[in-house]
>>> print(open('structure.cif').read())   # mmCIF, C-alpha atoms
data_work
loop_
_atom_site.label_atom_id
_atom_site.label_comp_id
_atom_site.auth_asym_id
_atom_site.auth_seq_id
_atom_site.Cartn_x
_atom_site.Cartn_y
_atom_site.Cartn_z
CA MET A 1 10.81 4.02 -19.08
CA ILE A 2 14.01 2.80 -17.47
CA SER A 3 13.58 0.73 -14.30
CA ARG A 4 15.48 3.32 -12.21
CA TYR A 5 12.44 5.60 -12.28
CA ALA A 6 9.67 3.00 -12.36
CA ARG A 7 7.57 1.58 -9.56
CA PRO A 8 6.51 -2.02 -10.37
CA VAL A 9 2.86 -1.29 -9.59
CA MET A 10 2.70 1.32 -12.38
CA ALA A 11 5.06 -0.43 -14.78
CA GLN A 12 2.89 -3.56 -14.68
CA ILE A 13 -0.01 -1.63 -16.20
CA TRP A 14 2.02 -1.21 -19.39
CA GLU A 15 3.51 -4.68 -19.55
CA ALA A 16 2.41 -7.08 -22.28
CA GLU A 17 0.68 -9.44 -19.86
CA ASN A 18 -1.72 -6.77 -18.62
CA ARG A 19 -2.35 -5.53 -22.15
CA PHE A 20 -3.23 -9.03 -23.39
CA ARG A 21 -5.39 -9.63 -20.32
CA ILE A 22 -7.41 -6.52 -21.16
CA TRP A 23 -7.61 -7.48 -24.85
CA PHE A 24 -8.98 -10.88 -23.91
CA GLU A 25 -11.48 -9.38 -21.50
CA ILE A 26 -12.79 -7.06 -24.22
CA GLU A 27 -13.13 -9.94 -26.67
CA ALA A 28 -14.80 -12.22 -24.10
CA LEU A 29 -17.25 -9.52 -23.02
CA ALA A 30 -18.10 -8.75 -26.62
CA CYS A 31 -18.81 -12.45 -27.19
CA GLU A 32 -21.10 -12.52 -24.17
CA ALA A 33 -23.06 -9.58 -25.56
CA GLN A 34 -23.16 -11.15 -29.02
CA ALA A 35 -24.48 -14.37 -27.50
CA ALA A 36 -27.18 -12.48 -25.59
CA ALA A 37 -28.27 -10.96 -28.90
CA GLY A 38 -28.30 -14.36 -30.61
CA VAL A 39 -25.44 -13.50 -32.97
CA ILE A 40 -23.22 -16.33 -31.72
CA PRO A 41 -24.08 -19.48 -29.73
CA ALA A 42 -24.18 -19.03 -25.97
CA GLU A 43 -22.07 -22.14 -25.45
CA SER A 44 -19.41 -20.69 -27.73
CA ALA A 45 -19.22 -17.50 -25.67
CA GLN A 46 -18.87 -19.63 -22.55
CA ALA A 47 -16.13 -21.74 -24.14
CA ILE A 48 -14.24 -18.63 -25.19
CA ARG A 49 -14.39 -17.28 -21.64
CA GLU A 50 -13.31 -20.58 -20.05
CA LYS A 51 -10.67 -21.72 -22.53
CA GLY A 52 -9.15 -18.41 -23.58
CA ALA A 53 -5.42 -18.24 -22.89
CA TRP A 54 -2.41 -16.61 -24.52
CA ASN A 55 1.34 -16.85 -24.67
CA ALA A 56 3.16 -13.53 -24.91
CA ALA A 57 6.32 -15.00 -26.41
CA ARG A 58 4.33 -16.86 -29.06
CA ILE A 59 2.36 -13.72 -29.89
CA ASP A 60 5.64 -11.91 -30.52
CA GLU A 61 6.74 -14.67 -32.88
CA ILE A 62 3.44 -14.60 -34.76
CA GLU A 63 3.61 -10.81 -35.07
CA LYS A 64 6.96 -11.09 -36.84
CA GLU A 65 5.03 -12.74 -39.68
CA THR A 66 1.67 -10.95 -39.52
CA ARG A 67 3.16 -7.50 -38.83
CA HIS A 68 -0.07 -6.90 -36.90
CA ASP A 69 -0.27 -7.17 -33.13
CA VAL A 70 -4.01 -7.73 -32.75
CA LEU A 71 -4.06 -10.42 -35.45
CA ALA A 72 -1.09 -12.10 -33.77
CA PHE A 73 -3.01 -12.09 -30.49
CA LEU A 74 -6.16 -13.51 -32.10
CA THR A 75 -4.15 -16.20 -33.85
CA ASP A 76 -2.52 -17.26 -30.59
CA LEU A 77 -5.84 -17.12 -28.74
CA ALA A 78 -7.35 -19.55 -31.22
CA PHE A 79 -4.86 -22.25 -30.20
CA SER A 80 -6.43 -22.46 -26.74
CA ILE A 81 -10.07 -21.95 -27.70
CA GLY A 82 -10.38 -24.24 -30.70
CA PRO A 83 -13.25 -24.14 -33.24
CA ASP A 84 -15.25 -21.57 -31.22
CA ALA A 85 -12.47 -19.06 -31.88
CA ARG A 86 -14.21 -18.26 -35.16
CA PHE A 87 -16.72 -16.22 -33.15
CA VAL A 88 -14.05 -14.06 -31.51
CA HIS A 89 -13.77 -10.50 -32.86
CA GLN A 90 -17.15 -10.78 -34.65
CA GLY A 91 -17.83 -7.52 -36.50
CA MET A 92 -15.00 -5.73 -34.69
CA THR A 93 -11.87 -3.95 -35.85
CA SER A 94 -8.43 -3.66 -34.27
CA SER A 95 -9.02 -0.17 -32.95
CA ASP A 96 -11.97 -1.44 -30.93
CA ILE A 97 -9.50 -3.53 -28.96
CA LEU A 98 -6.53 -1.18 -28.96
CA ASP A 99 -8.35 2.01 -28.05
CA THR A 100 -10.65 0.47 -25.46
CA ALA A 101 -7.69 -1.29 -23.84
CA LEU A 102 -5.73 1.97 -23.77
CA SER A 103 -8.67 3.60 -22.01
CA VAL A 104 -8.56 0.88 -19.36
CA GLN A 105 -4.80 1.29 -18.94
CA LEU A 106 -5.05 5.06 -18.61
CA LYS A 107 -7.85 4.65 -16.09
CA GLN A 108 -5.70 2.22 -14.11
CA ALA A 109 -2.72 4.59 -14.30
CA ALA A 110 -4.86 7.53 -13.17
CA ASP A 111 -6.08 5.54 -10.17
CA LEU A 112 -2.48 5.19 -9.01
CA LEU A 113 -1.65 8.83 -9.74
CA LEU A 114 -4.68 9.97 -7.76
CA GLU A 115 -3.47 7.85 -4.84
CA ASP A 116 -0.05 9.47 -5.21
CA LEU A 117 -1.60 12.93 -5.10
CA ASP A 118 -3.51 11.99 -1.97
CA GLY A 119 -0.18 11.06 -0.41
CA VAL A 120 1.39 14.37 -1.39
CA LEU A 121 -1.60 16.30 -0.04
CA GLU A 122 -1.54 14.39 3.23
CA ALA A 123 2.18 15.09 3.68
CA LEU A 124 1.77 18.77 2.82
CA ARG A 125 -1.17 19.22 5.16
CA ALA A 126 0.85 17.92 8.10
CA ARG A 127 3.75 20.26 7.34
CA VAL A 128 1.45 23.27 6.83
CA GLU A 129 -0.20 22.80 10.20
CA GLU A 130 3.20 22.33 11.81
CA THR A 131 4.59 25.60 10.42
CA LEU A 132 1.69 28.06 10.24
CA ASP A 133 3.11 30.12 13.12
CA ILE A 134 6.67 30.24 11.81
CA VAL A 135 7.30 33.72 10.42
CA THR A 136 9.59 33.79 7.39
CA ILE A 137 10.58 36.39 4.86
CA GLY A 138 8.53 36.36 1.69
CA ARG A 139 10.44 36.94 -1.52
CA SER A 140 9.60 38.40 -4.89
CA HIS A 141 12.15 38.30 -7.72
CA GLY A 142 14.30 36.36 -5.23
CA ILE A 143 14.54 39.50 -3.09
CA HIS A 144 13.23 40.05 0.44
CA ALA A 145 9.69 41.43 0.24
CA GLU A 146 7.45 41.20 3.34
CA PRO A 147 7.12 38.55 6.06
CA THR A 148 4.71 35.68 5.69
CA SER A 149 4.04 32.34 7.35
CA PHE A 150 6.18 29.39 6.34
CA GLY A 151 3.02 27.32 6.56
CA ILE A 152 1.26 29.61 4.11
CA LYS A 153 4.12 29.12 1.66
CA LEU A 154 3.42 25.38 1.87
CA ALA A 155 -0.34 25.93 1.82
CA GLY A 156 -0.05 27.49 -1.63
CA HIS A 157 1.50 24.25 -2.88
CA TYR A 158 -1.23 22.25 -1.13
CA ALA A 159 -3.90 24.24 -2.97
CA ALA A 160 -2.12 23.70 -6.29
CA PHE A 161 -1.94 19.93 -5.78
CA ALA A 162 -5.61 19.87 -4.74
CA ARG A 163 -6.46 21.54 -8.05
CA ALA A 164 -4.19 19.07 -9.83
CA LYS A 165 -6.08 16.18 -8.29
CA ALA A 166 -9.44 17.60 -9.36
CA ARG A 167 -8.18 18.11 -12.92
CA LEU A 168 -6.76 14.59 -13.08
CA LYS A 169 -10.02 13.05 -11.87
CA ALA A 170 -11.91 14.96 -14.57
CA ALA A 171 -9.37 13.90 -17.20
CA GLN A 172 -9.63 10.29 -16.07
CA ASP A 173 -13.40 10.38 -16.42
CA ASP A 174 -13.08 11.93 -19.86
CA VAL A 175 -10.56 9.43 -21.22
CA ALA A 176 -12.38 6.38 -19.82
CA SER A 177 -14.15 5.81 -23.13
CA CYS A 178 -15.08 2.55 -24.86
CA ALA A 179 -15.39 2.09 -28.62
CA ILE A 180 -16.72 -1.18 -30.03
CA SER A 181 -18.14 0.20 -33.26
CA GLY A 182 -16.45 -1.76 -36.05
CA PRO A 183 -14.76 -0.45 -39.20
CA VAL A 184 -15.00 3.36 -39.58
CA GLY A 185 -17.15 3.44 -36.44
CA SER A 186 -20.43 2.90 -38.27
CA PHE A 187 -21.75 -0.08 -36.20
CA ALA A 188 -22.63 -1.69 -39.54
CA THR A 189 -21.18 -5.02 -38.43
CA ILE A 190 -21.84 -4.91 -34.70
CA ASP A 191 -24.74 -3.72 -32.60
CA PRO A 192 -24.22 -0.68 -30.31
CA ALA A 193 -25.56 -2.84 -27.48
CA VAL A 194 -22.28 -4.75 -27.52
CA GLU A 195 -20.34 -1.56 -26.91
CA ALA A 196 -22.69 -0.59 -24.08
CA TYR A 197 -22.24 -3.99 -22.43
CA VAL A 198 -18.46 -3.99 -22.69
CA ALA A 199 -18.26 -0.41 -21.44
CA GLU A 200 -20.37 -1.14 -18.37
CA LYS A 201 -18.36 -4.23 -17.45
CA LEU A 202 -15.03 -2.39 -17.82
CA GLY A 203 -16.12 0.70 -15.92
CA LEU A 204 -16.01 2.86 -19.06
CA LYS A 205 -18.59 4.90 -20.93
CA PRO A 206 -19.56 4.32 -24.59
CA GLU A 207 -17.89 6.74 -26.97
CA PRO A 208 -20.76 8.74 -28.57
CA ILE A 209 -18.99 8.83 -31.93
CA SER A 210 -15.68 7.15 -32.48
CA THR A 211 -15.05 7.07 -36.24
CA GLN A 212 -12.71 4.08 -36.17
CA VAL A 213 -10.72 5.43 -33.25
CA ILE A 214 -11.59 7.14 -30.00
CA PRO A 215 -11.10 10.88 -30.66
CA ARG A 216 -7.63 11.87 -29.55
CA ASP A 217 -8.68 15.16 -27.99
CA ARG A 218 -9.56 13.05 -24.95
CA HIS A 219 -6.03 11.72 -24.72
CA ALA A 220 -4.54 15.13 -25.43
CA MET A 221 -6.40 16.58 -22.46
CA PHE A 222 -5.33 13.68 -20.23
CA PHE A 223 -1.64 14.16 -20.96
CA ALA A 224 -1.94 17.93 -20.81
CA VAL A 225 -3.24 17.51 -17.27
CA LEU A 226 -0.30 15.24 -16.44
CA GLY A 227 1.94 18.01 -17.72
CA VAL A 228 0.29 20.51 -15.38
CA VAL A 229 0.66 18.09 -12.46
CA ALA A 230 4.35 17.75 -13.34
CA SER A 231 4.79 21.53 -13.41
CA THR A 232 3.02 21.83 -10.07
CA MET A 233 5.49 19.31 -8.70
CA GLU A 234 8.43 21.17 -10.21
CA ASN A 235 7.22 24.42 -8.66
CA PHE A 236 7.60 22.86 -5.22
CA ALA A 237 10.94 21.29 -6.14
CA LEU A 238 12.28 24.64 -7.33
CA GLU A 239 11.31 26.31 -4.05
CA MET A 240 12.99 23.47 -2.18
CA ARG A 241 16.17 23.94 -4.16
CA HIS A 242 16.19 27.65 -3.37
CA LEU A 243 15.57 27.16 0.34
CA GLN A 244 18.45 24.67 0.55
CA ARG A 245 21.01 27.00 -1.08
CA SER A 246 24.00 27.63 1.21
CA GLU A 247 23.20 31.36 1.34
CA VAL A 248 19.59 30.66 2.40
CA ARG A 249 19.59 27.33 4.35
CA GLU A 250 16.02 27.70 5.64
CA ALA A 251 14.99 24.16 4.75
CA GLU A 252 16.69 21.03 3.52
CA GLU A 253 15.52 17.84 1.90
CA PRO A 254 16.21 14.66 3.95
CA PHE A 255 19.85 13.53 3.99
CA ALA A 256 20.10 9.87 4.94
CA LYS A 257 22.74 8.30 7.16
CA GLY A 258 25.58 7.19 4.94
CA GLN A 259 24.45 9.39 2.05
CA LYS A 260 27.19 11.19 0.14
CA GLY A 261 26.67 14.48 -1.68
CA SER A 262 29.77 14.59 -3.87
CA SER A 263 32.47 12.26 -5.08
CA ALA A 264 35.04 15.01 -4.49
CA MET A 265 33.73 17.23 -1.67
CA PRO A 266 32.69 15.38 1.50
CA HIS A 267 30.92 18.42 2.93
CA LYS A 268 28.28 18.63 0.19
CA ARG A 269 24.57 18.15 0.95
CA ASN A 270 22.93 18.67 -2.42
CA PRO A 271 19.17 18.96 -3.19
CA VAL A 272 19.35 15.85 -5.38
CA LEU A 273 15.76 14.76 -4.79
CA ALA A 274 14.34 18.13 -5.79
CA GLU A 275 16.64 18.28 -8.82
CA ASN A 276 15.55 14.78 -9.80
CA LEU A 277 11.91 15.85 -9.61
CA THR A 278 12.67 18.83 -11.82
CA GLY A 279 14.14 16.51 -14.44
CA LEU A 280 11.31 13.99 -14.28
CA ALA A 281 8.80 16.82 -14.74
CA ARG A 282 10.42 17.47 -18.11
CA ILE A 283 9.84 13.85 -19.14
CA VAL A 284 6.15 14.09 -18.27
CA ARG A 285 5.68 17.39 -20.09
CA ALA A 286 7.42 15.93 -23.13
CA ALA A 287 4.27 13.86 -23.72
CA VAL A 288 2.03 16.91 -24.08
CA ALA A 289 3.12 18.11 -27.54
CA PRO A 290 2.84 14.69 -29.29
CA ALA A 291 -0.50 14.07 -27.56
CA LEU A 292 -1.79 17.32 -29.03
CA GLU A 293 -0.38 16.42 -32.44
CA ASN A 294 -2.20 13.07 -32.30
CA VAL A 295 -5.57 14.82 -32.42
CA ALA A 296 -5.28 15.40 -36.17
CA LEU A 297 -5.74 12.05 -37.96
CA TRP A 298 -6.64 11.28 -41.57
CA HIS A 299 -10.33 10.70 -42.25
CA GLU A 300 -11.88 8.01 -40.04
CA ARG A 301 -8.54 6.55 -38.98
CA ASP A 302 -4.83 6.36 -39.46
CA ILE A 303 -2.14 5.01 -37.12
CA SER A 304 0.23 7.96 -36.94
CA HIS A 305 -0.81 8.29 -33.29
CA SER A 306 -0.13 4.65 -32.41
CA SER A 307 3.65 4.48 -32.31
CA VAL A 308 4.09 7.67 -30.31
CA GLU A 309 1.43 6.65 -27.76
CA ARG A 310 3.24 3.37 -27.16
CA VAL A 311 6.22 5.45 -26.03
CA PHE A 312 4.83 8.45 -24.20
CA ALA A 313 1.84 6.88 -22.45
CA PRO A 314 3.95 4.48 -20.37
CA ASP A 315 6.84 6.92 -19.96
CA ALA A 316 4.73 9.85 -18.75
CA THR A 317 2.59 7.89 -16.30
CA ILE A 318 5.48 5.83 -14.93
CA ALA A 319 7.71 8.88 -14.48
CA LEU A 320 4.98 10.93 -12.78
CA ASP A 321 4.02 8.07 -10.46
CA PHE A 322 7.62 7.61 -9.36
CA ALA A 323 8.12 11.36 -8.95
CA LEU A 324 5.00 11.95 -6.86
CA VAL A 325 5.92 9.16 -4.46
CA ARG A 326 9.43 10.63 -4.18
CA LEU A 327 7.93 14.07 -3.59
CA LYS A 328 5.82 12.73 -0.72
CA GLY A 329 8.95 11.37 0.94
CA LEU A 330 10.77 14.66 0.42
CA ILE A 331 7.96 16.64 2.05
CA GLU A 332 7.70 14.25 5.00
CA GLY A 333 11.46 14.30 5.57
CA MET A 334 12.04 18.00 4.89
CA VAL A 335 14.11 19.62 7.65
CA ILE A 336 13.08 23.18 8.57
CA TYR A 337 15.70 25.38 10.21
CA LYS A 338 13.77 27.85 12.36
CA GLU A 339 16.80 29.74 13.61
CA ARG A 340 18.08 30.25 10.10
CA ILE A 341 14.63 31.48 9.03
CA LYS A 342 14.73 33.99 11.86
CA ALA A 343 18.27 35.10 11.00
CA ASN A 344 17.37 35.69 7.36
CA LEU A 345 14.25 37.56 8.41
CA GLU A 346 16.33 39.91 10.54
CA SER A 347 19.28 40.20 8.16
CA LEU A 348 18.20 43.47 6.52
CA GLY A 349 17.36 45.39 9.64
CA GLY A 350 13.59 45.28 9.27
CA LEU A 351 13.42 46.93 5.84
CA TYR A 352 10.31 44.88 5.15
CA PHE A 353 8.34 47.29 7.37
CA SER A 354 8.66 49.97 4.67
CA GLN A 355 5.13 49.66 3.29
CA ARG A 356 3.59 50.01 6.75
CA VAL A 357 5.38 53.32 7.24
CA LEU A 358 4.42 54.39 3.71
CA LEU A 359 0.74 53.73 4.39
CA ALA A 360 0.87 55.44 7.77
CA LEU A 361 2.23 58.59 6.12
CA THR A 362 -0.46 58.62 3.43
CA GLN A 363 -3.13 58.13 6.06
CA ALA A 364 -1.64 61.06 7.95
CA GLY A 365 -2.10 63.30 4.91
CA MET A 366 1.13 63.06 2.92
CA SER A 367 0.90 62.38 -0.82
CA ARG A 368 1.84 58.85 -1.84
CA GLU A 369 4.66 60.10 -4.06
CA ASP A 370 6.21 62.17 -1.28
CA ALA A 371 5.73 59.39 1.26
CA TYR A 372 7.32 56.86 -1.07
CA HIS A 373 10.36 59.09 -1.64
CA LEU A 374 10.75 59.73 2.09
CA VAL A 375 10.51 56.07 3.13
CA GLN A 376 12.73 54.89 0.29
CA SER A 377 15.50 57.36 1.12
CA ASN A 378 15.54 56.12 4.72
CA ALA A 379 15.43 52.49 3.57
CA MET A 380 18.44 53.02 1.31
CA GLU A 381 20.42 54.47 4.21
CA VAL A 382 19.86 51.25 6.13
CA TRP A 383 20.51 49.12 3.04
CA HIS A 384 23.90 50.70 2.33
CA ALA A 385 24.94 50.56 5.97
CA ILE A 386 24.22 46.83 6.08
CA GLN A 387 26.17 46.31 2.85
CA ARG A 388 29.13 48.04 4.52
CA GLY A 389 28.91 45.52 7.35
CA GLN A 390 27.46 47.96 9.86
CA ALA A 391 24.59 47.24 12.22
CA ALA A 392 21.51 49.16 11.17
CA SER A 393 17.82 49.22 12.04
CA PHE A 394 15.07 50.55 9.80
CA GLU A 395 12.91 51.33 12.84
CA ASP A 396 15.70 53.38 14.41
CA GLN A 397 16.34 55.17 11.12
CA ILE A 398 12.66 56.05 10.69
CA SER A 399 12.34 57.19 14.30
CA ARG A 400 15.12 59.75 13.76
CA ASP A 401 13.54 61.33 10.67
CA PRO A 402 11.99 64.71 11.68
CA LYS A 403 9.48 64.76 8.79
CA ILE A 404 8.12 61.40 9.79
CA GLN A 405 8.08 62.34 13.48
CA SER A 406 6.02 65.42 12.61
CA MET A 407 3.47 63.33 10.72
CA ILE A 408 3.07 60.22 12.89
CA ALA A 409 2.73 60.04 16.68
CA PRO A 410 5.34 57.81 18.38
CA GLU A 411 2.79 55.21 19.48
CA LYS A 412 1.34 55.01 15.96
CA LEU A 413 4.81 54.72 14.49
CA LYS A 414 5.59 51.87 16.88
CA GLU A 415 2.59 49.97 15.53
CA CYS A 416 4.18 49.98 12.08
CA PHE A 417 6.88 47.63 13.35
CA ASP A 418 4.67 44.84 14.70
CA LEU A 419 5.86 41.59 13.09
CA SER A 420 2.69 39.67 14.00
CA PHE A 421 0.75 41.98 11.66
CA TYR A 422 1.98 40.00 8.66
CA THR A 423 0.74 36.58 9.78
CA ARG A 424 -2.51 37.55 11.50
CA HIS A 425 -4.59 35.90 8.77
CA ALA A 426 -2.45 32.77 8.33
CA HIS A 427 -4.88 30.36 9.99
CA GLU A 428 -7.83 31.95 8.21
CA ILE A 429 -6.09 31.53 4.83
CA TRP A 430 -5.36 27.88 5.58
CA GLN A 431 -9.01 27.25 6.44
CA ARG A 432 -10.00 28.84 3.14
CA VAL A 433 -7.64 26.46 1.32
CA LEU A 434 -9.12 23.45 3.10
CA LYS A 435 -12.67 24.64 2.40
CA ALA A 436 -11.88 25.04 -1.32
CA ASP A 437 -10.51 21.46 -1.35
CA LYS A 438 -13.79 19.92 -0.16
#
>>> encode(input="structure.cif", output="structure tokens")
Amino acid sequence: MISRYARPVMAQIWEAENRFRIWFEIEALACEAQAAAGVIPAESAQAIREKGAWNAARIDEIEKETRHDVLAFLTDLAFSIGPDARFVHQGMTSSDILDTALSVQLKQAADLLLEDLDGVLEALRARVEETLDIVTIGRSHGIHAEPTSFGIKLAGHYAAFARAKARLKAAQDDVASCAISGPVGSFATIDPAVEAYVAEKLGLKPEPISTQVIPRDRHAMFFAVLGVVASTMENFALEMRHLQRSEVREAEEPFAKGQKGSSAMPHKRNPVLAENLTGLARIVRAAVAPALENVALWHERDISHSSVERVFAPDATIALDFALVRLKGLIEGMVIYKERIKANLESLGGLYFSQRVLLALTQAGMSREDAYHLVQSNAMEVWHAIQRGQAASFEDQISRDPKIQSMIAPEKLKECFDLSFYTRHAHEIWQRVLKADK
């Protein structure tokens, strides 16, 4: 992943130094378990732990000859350990190191992503509670539908990110698997107790059956979940982009002092953060298909999965980490234009009250088909008047219709145009969202 979209704290997880540190820890822990079982001398296990060191540049040079990264690491490690290095990697195979280390890295990455999601949820919660009583027009197909609460719009995104967090935690638990089972996963050359010991020390669980690799359905699920998190993020970004459109202007992402929106047009204030999040979501989702394809491997092991994981595992986690932190800042800095929300709400003369009149007519005895035709014909009169630039009110139009007047008493008809009706359950809905998140 390019540095432009990488936070150092996440990028470091995928750097060579962290990878070699984990490799060494796996080897040292395995030696401790082997010593406890009497397979290798206890003093050798201690020497390996105390003397073990590595040089990343030298490992790269060795790999140019060996064409094998784990062997290059073991060769370099032997320089620091000395004769006791012969006990390193006893009965193990490369996948024991590679796959278990990848599990640790994915667990570390998920820890950061879960923190990021907590930040997004915290930011959203504050904005929901700030805007629950702001009435805005709800839209379907991009068209004015019925009023809702601006806070409830945001609450829907809160609920989605809460679900995303729960899925990611489950995926993290599932992928945190340790395999120290030797060639073809048979444990013929190493006792299962070694795997159990290493797993416990690393905060992993032993893989019940690993062939020679940890089954890739675990990884496929992990990256599929990251893809869903990315799409959840894009859903918010897309709404933000719509709300910031010049014709809408109900909300705007933060625009910093000195920021410039266009090289040519000084007036521009573009939704660049939301658009950036939309693009980064595509990077994260790009990992899903190859992760699924990695599930199918030849027999007990091949390495067709290896090269692609080295690319998409860092890229997807780094991009999502960066994006979620950016999203948190966008939410916290989002500017909400209440007057513009009100103006948009009133722009079509109260046509959104149409269903209330429709239901009142059916309750008064009119067939739904007749009521629909009657309300729609009045609504279209108002619609066309507004399109001609004339002032028009749906309530006034309805109040002049003799058929409607004959069916609904004036006081009952007045009740159909109560705006507070549409947000009367807003606080209750928000409490339901919070309860579901516990």
>>> closest_atom_pairs(input="structure.cif", of="segment 119-194 of chain A", to="segment 103-110 of chain A", cutoff="9 Å", atoms="all atoms listed in the file", output="JSON lines")
{"residue": "A:Leu168", "atom": "CA", "partner": "A:Ala110", "partner_atom": "CA", "distance": 7.3}
{"residue": "A:Lys169", "atom": "CA", "partner": "A:Ala110", "partner_atom": "CA", "distance": 7.7}
{"residue": "A:Ala171", "atom": "CA", "partner": "A:Ala110", "partner_atom": "CA", "distance": 8.8}
{"residue": "A:Gln172", "atom": "CA", "partner": "A:Lys107", "partner_atom": "CA", "distance": 5.9}
{"residue": "A:Asp173", "atom": "CA", "partner": "A:Lys107", "partner_atom": "CA", "distance": 8.0}
{"residue": "A:Val175", "atom": "CA", "partner": "A:Ser103", "partner_atom": "CA", "distance": 6.2}
{"residue": "A:Ala176", "atom": "CA", "partner": "A:Ser103", "partner_atom": "CA", "distance": 5.1}
{"residue": "A:Ser177", "atom": "CA", "partner": "A:Ser103", "partner_atom": "CA", "distance": 6.0}
{"residue": "A:Cys178", "atom": "CA", "partner": "A:Ser103", "partner_atom": "CA", "distance": 7.1}
>>> axis_aligned_box(input="structure.cif", around="segment 401-405 of chain A", padding_each_side="6 Å", output="AutoDock Vina command-line options")
--center_x 10.8 --center_y 63.0 --center_z 11.1 --size_x 17.5 --size_y 15.4 --size_z 16.7
>>> atom_distance(input="structure.cif", atom1="atom CA of Glu369 of chain A", atom2="atom CA of Gln397 of chain A")
19.8 Å
>>> residues_around(input="structure.cif", residues="segment 156-167 of chain A", least_positions_apart="3", cutoff="6 Å", atoms="all atoms listed in the file", output="ChimeraX atom specification")
/A:153,170,229
>>> resolve_selection(input="structure.cif", expression="the PyMOL selection byres ((chain A and resi 256) around 12)", output="PyMOL selection string")
chain A and resi 252-255+257-261+269-270+272-273+329-330+333-335
>>> write_last_selection(input="structure.cif", atoms="C-alpha atoms", output="PDB file, in the frame of the given file")
ATOM      1  CA  GLU A 252      16.690  21.030   3.520  1.00  0.00           C
ATOM      2  CA  GLU A 253      15.520  17.840   1.900  1.00  0.00           C
ATOM      3  CA  PRO A 254      16.210  14.660   3.950  1.00  0.00           C
ATOM      4  CA  PHE A 255      19.850  13.530   3.990  1.00  0.00           C
ATOM      5  CA  LYS A 257      22.740   8.300   7.160  1.00  0.00           C
ATOM      6  CA  GLY A 258      25.580   7.190   4.940  1.00  0.00           C
ATOM      7  CA  GLN A 259      24.450   9.390   2.050  1.00  0.00           C
ATOM      8  CA  LYS A 260      27.190  11.190   0.140  1.00  0.00           C
ATOM      9  CA  GLY A 261      26.670  14.480  -1.680  1.00  0.00           C
ATOM     10  CA  ARG A 269      24.570  18.150   0.950  1.00  0.00           C
ATOM     11  CA  ASN A 270      22.930  18.670  -2.420  1.00  0.00           C
ATOM     12  CA  VAL A 272      19.350  15.850  -5.380  1.00  0.00           C
ATOM     13  CA  LEU A 273      15.760  14.760  -4.790  1.00  0.00           C
ATOM     14  CA  GLY A 329       8.950  11.370   0.940  1.00  0.00           C
ATOM     15  CA  LEU A 330      10.770  14.660   0.420  1.00  0.00           C
ATOM     16  CA  GLY A 333      11.460  14.300   5.570  1.00  0.00           C
ATOM     17  CA  MET A 334      12.040  18.000   4.890  1.00  0.00           C
ATOM     18  CA  VAL A 335      14.110  19.620   7.650  1.00  0.00           C
TER      19      VAL A 335
END
>>> resolve_selection(input="structure.cif", expression="the PyMOL selection byres ((chain A and resi 217) around 9)", output="PyMOL selection string")
chain A and resi 214-216+218-222+291-292+294-296
>>> closest_atom_pairs(input="structure.cif", of="segment 228-316 of chain A", to="segment 81-96 of chain A", cutoff="12 Å", atoms="only C-alpha atoms", output="JSON lines")
{"residue": "A:Glu300", "atom": "CA", "partner": "A:Ser95", "partner_atom": "CA", "distance": 11.2}
{"residue": "A:Arg301", "atom": "CA", "partner": "A:Ser95", "partner_atom": "CA", "distance": 9.0}
{"residue": "A:Asp302", "atom": "CA", "partner": "A:Ser95", "partner_atom": "CA", "distance": 10.1}
{"residue": "A:Ile303", "atom": "CA", "partner": "A:Ser95", "partner_atom": "CA", "distance": 9.6}
{"residue": "A:His305", "atom": "CA", "partner": "A:Ser95", "partner_atom": "CA", "distance": 11.8}
{"residue": "A:Ser306", "atom": "CA", "partner": "A:Ser95", "partner_atom": "CA", "distance": 10.1}
>>> residues_around(input="structure.cif", residues="Asn55 of chain A", least_positions_apart="4", cutoff="9 Å", atoms="only C-alpha atoms", output="JSON, numbers by chain")
{"A": [17, 59, 60, 73, 76, 77]}
>>> residues_around(input="structure.cif", residues="segment 116-120 of chain A", least_positions_apart="6", cutoff="8 Å", atoms="all atoms listed in the file", output="list in words")
Phe161, Lys165, Asp321, Leu324, Val325, Leu327, Lys328 and Ile331 of chain A
>>> resolve_selection(input="structure.cif", expression="the PyMOL selection byres ((chain A and resi 194-205) around 6)", output="MDAnalysis selection string")
chainID A and resid 29:30 33 176:178 180 191:193 206
>>> closest_residue(input="structure.cif", among="A:Asp396, A:Glu25, A:Glu247, A:Glu43", to="Ile97 of chain A", atoms="all atoms listed in the file")
A:Glu25
>>> residues_around(input="structure.cif", residues="segment 383-393 of chain A", least_positions_apart="2", cutoff="12 Å", atoms="all atoms listed in the file", output="PyMOL selection string")
chain A and resi 144+346-354+376-381+395-400+417
>>> closest_residue(input="structure.cif", among="A:Ala286, A:Ala16, A:Glu239, A:Thr317", to="Asp111 of chain A", atoms="all atoms listed in the file")
A:Thr317
